[in-house]
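data-v1.cif follows (mmCIF, C-alpha atoms):
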data_coords
loop_
_atom_site.label_atom_id
_atom_site.label_comp_id
_atom_site.auth_asym_id
_atom_site.auth_seq_id
_atom_site.Cartn_x
_atom_site.Cartn_y
_atom_site.Cartn_z
CA MET A 7 -2.61 28.66 -11.66
CA ASN A 8 -2.53 30.57 -8.38
CA GLU A 9 0.83 30.38 -6.52
CA SER A 10 -1.07 29.72 -3.28
CA HIS A 11 -1.96 26.34 -4.82
CA LEU A 12 1.62 25.28 -4.03
CA GLY A 13 0.25 24.54 -0.55
CA TYR A 14 -1.79 21.70 -2.06
CA LEU A 15 1.35 20.23 -3.65
CA ILE A 16 3.23 20.35 -0.34
CA ALA A 17 0.20 18.91 1.49
CA ALA A 18 -0.07 15.95 -0.91
CA TYR A 19 3.58 14.91 -0.49
CA ALA A 20 3.46 15.56 3.28
CA VAL A 21 0.37 13.34 3.66
CA VAL A 22 2.11 10.48 1.82
CA TRP A 23 5.36 10.69 3.80
CA ILE A 24 3.64 11.13 7.16
CA GLY A 25 1.35 8.17 6.37
CA VAL A 26 4.27 5.91 5.39
CA LEU A 27 6.40 6.98 8.37
CA VAL A 28 3.57 6.45 10.88
CA TYR A 29 3.01 2.95 9.47
CA VAL A 30 6.76 2.12 9.54
CA SER A 31 7.17 3.34 13.12
CA GLY A 32 4.14 1.30 14.24
CA LEU A 33 5.45 -1.79 12.45
CA SER A 34 8.97 -1.52 13.88
CA ARG A 35 7.58 -0.94 17.41
CA ARG A 36 5.41 -4.06 17.03
CA SER A 37 8.40 -6.11 15.76
CA ARG A 38 10.61 -4.98 18.65
CA GLN A 39 7.87 -5.89 21.14
CA LEU A 40 7.54 -9.36 19.58
CA GLU A 41 11.33 -9.89 19.63
CA ARG A 42 11.42 -8.98 23.34
CA GLU A 43 8.51 -11.32 24.03
CA ILE A 44 10.27 -14.16 22.14
CA ASP A 45 13.41 -13.66 24.27
CA GLU A 46 11.37 -13.73 27.50
CA LEU A 47 9.37 -16.79 26.47
CA LYS A 48 12.52 -18.66 25.32
CA HIS A 49 14.09 -17.88 28.68
CA LEU A 50 10.99 -19.25 30.44
CA VAL A 51 11.00 -22.44 28.32
CA GLU A 52 14.73 -23.04 28.98
CA ARG A 53 14.30 -22.55 32.74
CA ARG A 54 11.52 -25.12 32.96
CA PRO A 55 12.60 -28.47 34.45
CA ALA A 56 12.73 -31.32 31.93
CA ALA A 57 9.68 -33.62 32.16
CA MET B 9 17.27 -6.90 13.42
CA ARG B 10 17.25 -10.67 13.43
CA GLY B 11 16.39 -12.79 10.40
CA LEU B 12 17.36 -10.27 7.69
CA ASP B 13 18.53 -11.87 4.42
CA LEU B 14 20.35 -10.32 1.44
CA THR B 15 17.15 -8.90 -0.10
CA ASP B 16 16.25 -7.25 3.20
CA ARG B 17 19.70 -5.68 3.33
CA LEU B 18 19.71 -4.53 -0.31
CA LEU B 19 16.15 -3.19 -0.52
CA PRO B 20 16.60 -0.14 1.79
CA PRO B 21 19.62 1.41 -0.01
CA VAL B 22 18.16 0.67 -3.48
CA THR B 23 14.84 2.18 -2.42
CA ILE B 24 16.54 5.29 -1.02
CA ILE B 25 18.51 5.81 -4.26
CA ALA B 26 15.34 5.39 -6.35
CA MET B 27 13.48 7.80 -4.05
CA LEU B 28 16.20 10.46 -4.35
CA ALA B 29 16.08 10.13 -8.15
CA ALA B 30 12.27 10.42 -8.01
CA VAL B 31 12.43 13.57 -5.84
CA TYR B 32 14.88 15.15 -8.29
CA LEU B 33 12.79 14.31 -11.37
CA VAL B 34 9.44 15.23 -9.79
CA PHE B 35 10.48 18.60 -8.34
CA ILE B 36 13.37 19.70 -10.59
CA GLY B 37 13.62 17.56 -13.76
CA ALA B 38 10.00 17.60 -14.94
CA PRO B 39 8.54 20.89 -16.23
CA ASP B 40 5.32 22.48 -14.98
CA ASP B 41 2.16 21.42 -16.78
CA GLY B 42 0.92 24.16 -19.13
CA PHE B 43 -2.63 24.18 -17.73
CA GLN B 44 -2.39 22.88 -14.16
CA GLY B 45 0.98 24.40 -13.18
CA PRO B 46 2.81 22.84 -10.19
CA ILE B 47 -0.34 21.05 -8.94
CA GLN B 48 0.09 18.49 -11.75
CA ARG B 49 3.19 17.18 -9.89
CA ILE B 50 0.77 15.55 -7.42
CA PHE B 51 0.04 13.03 -10.20
CA TYR B 52 3.48 11.45 -9.81
CA VAL B 53 2.94 10.42 -6.20
CA HIS B 54 -0.79 9.80 -6.78
CA MET B 55 -0.10 7.30 -9.58
CA ALA B 56 2.67 5.69 -7.51
CA MET B 57 0.13 5.09 -4.71
CA TRP B 58 -2.19 3.31 -7.16
CA LEU B 59 0.53 1.05 -8.52
CA ALA B 60 1.32 -0.05 -4.95
CA THR B 61 -2.41 -0.39 -4.14
CA PHE B 62 -3.21 -2.49 -7.21
CA THR B 63 -0.16 -4.71 -6.65
CA ALA B 64 -1.04 -5.16 -2.97
CA PHE B 65 -4.70 -6.04 -3.60
CA GLY B 66 -3.69 -8.26 -6.53
CA ILE B 67 -1.43 -10.15 -4.12
CA VAL B 68 -4.34 -10.38 -1.65
CA GLY B 69 -6.47 -11.94 -4.40
CA VAL B 70 -3.85 -14.55 -5.32
CA ALA B 71 -2.94 -15.29 -1.68
CA SER B 72 -6.64 -15.59 -0.76
CA LEU B 73 -7.24 -18.09 -3.58
CA MET B 74 -4.17 -20.07 -2.50
CA TYR B 75 -5.30 -19.99 1.14
CA LEU B 76 -8.76 -21.31 0.21
CA TRP B 77 -7.04 -24.11 -1.73
CA LYS B 78 -4.04 -25.01 0.46
CA ARG B 79 -5.17 -23.75 3.91
CA THR B 80 -1.63 -22.88 4.96
CA THR B 81 -0.71 -19.95 7.24
CA ARG B 82 1.94 -18.84 4.74
CA TRP B 83 -0.73 -17.70 2.25
CA ASP B 84 -2.87 -16.27 5.02
CA HIS B 85 0.05 -14.15 6.27
CA LEU B 86 0.80 -12.94 2.74
CA GLY B 87 -2.85 -11.98 2.13
CA ARG B 88 -3.25 -10.19 5.45
CA SER B 89 0.08 -8.33 5.17
CA ALA B 90 -0.63 -7.22 1.59
CA ALA B 91 -4.17 -6.14 2.55
CA GLU B 92 -2.81 -3.95 5.36
CA LEU B 93 -0.34 -2.28 2.98
CA GLY B 94 -2.93 -2.04 0.19
CA LEU B 95 -5.27 -0.19 2.54
CA LEU B 96 -2.45 2.18 3.55
CA PHE B 97 -1.56 3.03 -0.07
CA CYS B 98 -5.24 3.17 -1.11
CA SER B 99 -5.92 5.69 1.69
CA LEU B 100 -2.93 7.77 0.59
CA GLY B 101 -4.03 7.52 -3.07
CA LEU B 102 -7.51 8.77 -2.15
CA ALA B 103 -6.04 11.56 0.00
CA THR B 104 -3.65 12.80 -2.73
CA GLY B 105 -6.52 12.61 -5.25
CA CYS B 106 -8.74 14.78 -3.03
CA ILE B 107 -5.90 17.30 -2.52
CA TRP B 108 -5.37 17.51 -6.31
CA ALA B 109 -9.12 17.76 -7.01
CA LYS B 110 -9.77 20.79 -4.77
CA PRO B 111 -7.80 23.38 -6.82
CA ILE B 112 -8.49 21.70 -10.21
CA TRP B 113 -12.16 20.64 -9.92
CA GLY B 114 -13.09 23.07 -7.13
CA THR B 115 -14.22 20.23 -4.85
CA TRP B 116 -12.50 17.66 -2.62
CA TRP B 117 -14.72 14.83 -3.84
CA THR B 118 -17.17 13.99 -6.62
CA TRP B 119 -19.12 10.78 -7.28
CA ASP B 120 -17.24 10.05 -10.50
CA PRO B 121 -17.41 6.30 -11.42
CA ARG B 122 -13.68 5.70 -10.84
CA LEU B 123 -13.68 7.57 -7.51
CA THR B 124 -16.81 5.78 -6.31
CA LEU B 125 -15.41 2.35 -7.26
CA THR B 126 -12.16 3.22 -5.49
CA LEU B 127 -14.02 4.14 -2.32
CA ILE B 128 -15.82 0.77 -2.57
CA LEU B 129 -12.39 -0.90 -2.96
CA TRP B 130 -11.19 0.82 0.23
CA MET B 131 -14.33 -0.41 2.06
CA ILE B 132 -13.88 -4.01 0.81
CA TYR B 133 -10.34 -4.28 2.19
CA ALA B 134 -11.17 -2.35 5.37
CA ALA B 135 -13.88 -5.00 5.89
CA TYR B 136 -11.27 -7.71 5.13
CA LEU B 137 -9.02 -6.44 7.93
CA LEU B 138 -11.96 -5.86 10.30
CA LEU B 139 -13.05 -9.47 9.74
CA ARG B 140 -9.55 -10.65 10.66
CA THR B 141 -9.52 -8.53 13.81
CA LEU B 142 -13.05 -9.24 15.02
CA ALA B 143 -13.31 -12.96 14.18
CA THR B 144 -13.60 -15.03 17.37
CA GLU B 145 -12.51 -18.15 15.50
CA PRO B 146 -9.27 -17.31 13.54
CA THR B 147 -9.68 -19.99 10.82
CA GLN B 148 -13.24 -18.93 10.09
CA GLY B 149 -12.15 -15.27 9.99
CA ALA B 150 -9.32 -16.13 7.59
CA THR B 151 -11.70 -18.07 5.29
CA LEU B 152 -14.34 -15.31 5.16
CA ALA B 153 -11.66 -12.66 4.61
CA ALA B 154 -10.11 -14.76 1.80
CA ILE B 155 -13.50 -14.88 0.01
CA LEU B 156 -13.71 -11.08 0.34
CA GLY B 157 -10.08 -10.78 -0.83
CA VAL B 158 -10.85 -12.67 -4.04
CA SER B 159 -14.05 -10.72 -4.76
CA GLY B 160 -12.20 -7.40 -4.36
CA VAL B 161 -10.18 -8.20 -7.50
CA VAL B 162 -13.36 -7.67 -9.60
CA ASP B 163 -13.49 -4.08 -8.31
CA LEU B 164 -9.82 -3.60 -9.28
CA TYR B 165 -10.72 -4.49 -12.88
CA LEU B 166 -13.76 -2.16 -12.87
CA ILE B 167 -11.62 0.73 -11.56
CA ASN B 168 -9.11 0.16 -14.35
CA ARG B 169 -11.86 0.19 -17.02
CA ALA B 170 -14.05 2.94 -15.49
CA VAL B 171 -12.53 5.90 -17.41
CA TYR B 172 -13.02 4.06 -20.73
CA TRP B 173 -16.50 2.61 -20.11
CA TRP B 174 -18.36 5.41 -18.34
CA ARG B 175 -18.61 9.16 -18.79
CA GLY B 176 -16.65 10.54 -15.86
CA ILE B 177 -14.33 13.47 -15.16
CA HIS B 178 -11.35 11.48 -13.86
CA PRO B 179 -8.38 12.00 -16.23
CA ALA B 180 -6.55 9.07 -17.84
CA VAL B 181 -2.89 9.90 -17.15
CA ILE B 182 -1.01 6.99 -18.70
CA GLN B 183 -3.23 6.31 -21.71
CA ASN B 184 -6.19 8.47 -22.67
CA LYS B 185 -9.33 7.43 -24.55
CA GLU B 186 -7.69 8.29 -27.90
CA GLY B 187 -4.73 6.00 -27.18
CA GLY B 188 -2.27 8.83 -26.46
CA THR B 189 -0.61 9.73 -23.18
CA GLY B 190 -1.68 12.37 -20.67
CA LEU B 191 1.99 13.34 -20.18
CA ALA B 192 3.42 15.13 -23.21
CA ASP B 193 6.98 15.87 -22.02
CA PRO B 194 9.53 12.98 -21.84
CA MET B 195 10.82 14.30 -18.47
CA MET B 196 7.25 14.10 -17.12
CA ARG B 197 7.06 10.47 -18.22
CA ALA B 198 10.51 9.79 -16.67
CA ALA B 199 9.38 11.41 -13.38
CA LEU B 200 6.24 9.27 -13.36
CA ILE B 201 8.10 6.01 -14.07
CA VAL B 202 10.83 6.64 -11.47
CA ALA B 203 8.33 7.80 -8.81
CA MET B 204 6.23 4.68 -9.42
CA LEU B 205 9.33 2.47 -9.22
CA ALA B 206 10.53 4.17 -6.00
CA PHE B 207 7.19 3.72 -4.20
CA PHE B 208 6.89 0.19 -5.56
CA LEU B 209 10.21 -0.56 -3.85
CA VAL B 210 8.88 1.08 -0.66
CA PHE B 211 5.88 -1.25 -0.91
CA LEU B 212 8.11 -4.35 -1.35
CA TRP B 213 10.30 -3.29 1.58
CA LEU B 214 7.27 -2.76 3.83
CA LEU B 215 5.72 -6.05 2.71
CA ARG B 216 8.86 -7.96 3.71
CA LEU B 217 8.93 -6.19 7.09
CA ARG B 218 5.23 -6.92 7.64
CA LEU B 219 5.71 -10.61 6.74
CA ARG B 220 8.62 -10.78 9.18
CA ALA B 221 6.34 -9.36 11.92
CA ALA B 222 3.78 -12.07 11.08
CA ARG B 223 6.46 -14.77 11.46
CA LEU B 224 7.53 -13.27 14.80
CA GLN B 225 3.89 -13.39 15.95
CA ASP B 226 3.77 -17.09 14.98
CA ALA B 227 6.92 -17.74 17.03
CA VAL B 228 5.38 -15.94 20.02
CA ASP B 229 2.19 -18.02 19.71
CA ASP B 230 4.22 -21.27 19.55
CA LEU B 231 6.31 -20.34 22.58
CA ARG B 232 3.22 -19.31 24.55
CA ALA B 233 1.70 -22.71 23.80
CA GLN B 234 4.89 -24.42 25.04
CA VAL B 235 4.88 -22.38 28.24
CA ALA B 236 1.19 -23.11 28.87
CA VAL B 237 1.67 -26.91 28.65
#
Target encoding structure tokens, full file:
Amino acid sequence: MNESHLGYLIAAYAVVWIGVLVYVSGLSRRSRQLEREIDELKHLVERRPAA
Amino acid sequence: MRGLDLTDRLLPPVTIIAMLAAVYLVFIGAPDDGFQGPIQRIFYVHMAMWLATFTAFGIVGVASLMYLWKRTTRWDHLGRSAAELGLLFCSLGLATGCIWAKPIWGTWWTWDPRLTLTLILWMIYAAYLLLRTLATEPTQGATLAAILGVSGVVDLYLINRAVYWWRGIHPAVIQNKEGGTGLADPMMRAALIVAMLAFFLVFLWLLRLRLRAARLQDAVDDLRAQVAV
């Protein structure tokens, strides 16, 4: 086994961790956005005059 | 973050501990394979990706069946969230397989039965998520996707059986055709089990976070409807 093949090993683990981290960062950004939107909408609902 | 229960609080530290143990066993504890050398260590993460993929798509199958029966958003959310994660882990499983294949087989890809069926699996669940995104009528999109989600389970079974039924070059790591294991050394088996457990915990953690995002989206939709009235 050629030592240069170590690059493949590093690449495989890097691909997995980068893939998982990209997904997690996208998911947490989306959740934060939704939380902000919920706060804004709740504020709007509370400010509305009672029917 | 809001709405985190005990499981949500416990999962991250337990997952991190399992992952540290996996890193130790994979890179230090397990010996090099006699034939493949260090490249064989790709198997540990590669197999872990498939455990998460099969679990995720299995959940999609069950949740899809339940959605078609009960028609509740709870099952729809579970199916969609698991499909998203299944596609992520399936993509990573295919990528790590290609990276392993290049130095060992001399090619990134070959139309081996198991590889071909796995690519079909990826396409089925990519179509599932596309249907959900492109459907103009959400209920119709959810129903069509659920039918696809159930049919994808057949492909899962075929992938599992492919190395035993057809003449291919894909190795059987856990149990070979003769009934033995592809991993001779006990530390190799320990590395595989702990790596699979660690990524399974990552999958569970992500699934809970994804389900929480789905519930937040529901809350946003409800509030928007209240504001619009």
task = Could you please tell me, as an MDAnalysis selection string, which residues of chain A have an atom within 9 Å of chain B when using all atoms listed in the file?
result = chainID A and resid 7:9 11:12 14:19 21:22 25:26 29:30 33:34 36:38 40:41 43:44 47:48 50:51 54
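Atom CA of Leu215 of chain B is positioned 19.9 Å from atom CA of Ala135 of chain B.
Between atom CA of Ala38 of chain B and atom CA of Leu200 of chain B there is a distance of 9.3 Å.
Take atom CA of Ile201 of chain B and atom CA of Ala56 of chain B: the distance between them is 8.5 Å.
Minimum atom-to-atom distances from B:Pro20, B:Gly160, B:Gly114, B:Gly37 to Val202 of chain B were compared using only C-alpha atoms, and the lowest value belongs to B:Gly37.
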Can you tell me, as an mmCIF file with C-alpha atoms, keeping the file's coordinate frame, what residues are no more than 8 Å from Asp163 of chain B when counting all atoms listed in the file, ignoring any on the same chain fewer than 6 positions away?
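As a result, around-v5.cif now contains:
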data_model
loop_
_atom_site.group_PDB
_atom_site.id
_atom_site.type_symbol
_atom_site.label_atom_id
_atom_site.label_comp_id
_atom_site.auth_asym_id
_atom_site.auth_seq_id
_atom_site.Cartn_x
_atom_site.Cartn_y
_atom_site.Cartn_z
ATOM 1 C CA LEU B 125 -15.410 2.350 -7.260
ATOM 2 C CA THR B 126 -12.160 3.220 -5.490
ATOM 3 C CA ILE B 128 -15.820 0.770 -2.570
ATOM 4 C CA LEU B 129 -12.390 -0.900 -2.960
#
message = Suppose a student applies the PyMOL selection byres ((chain B and resi 62-70) around 8) to this structure; what residues should they get, written as a list in words?
response = Trp58, Leu59, Ala60, Thr61, Ala71, Ser72, Leu73, Met74, Leu86, Gly87, Arg88, Ala90, Ala91, Leu93, Gly94, Ala154, Gly157, Val158, Ser159, Gly160, Val161 and Leu164 of chain B
inquiry  = Applying 9 Å and only C-alpha atoms, which residues near Asp16 of chain B remain after dropping the ones on its own chain fewer than 2 positions away? List them as JSON, numbers by chain.
reply    = {"B": [12, 13, 14, 18, 19, 20, 213, 216, 217]}
request  = Run the PyMOL selection byres ((chain B and resi 151) around 10) against the file shown and list the residues it catches, as a PyMOL selection string.
outcome  = chain B and resi 72-73+75-76+79+84+139-140+146-150+152-157
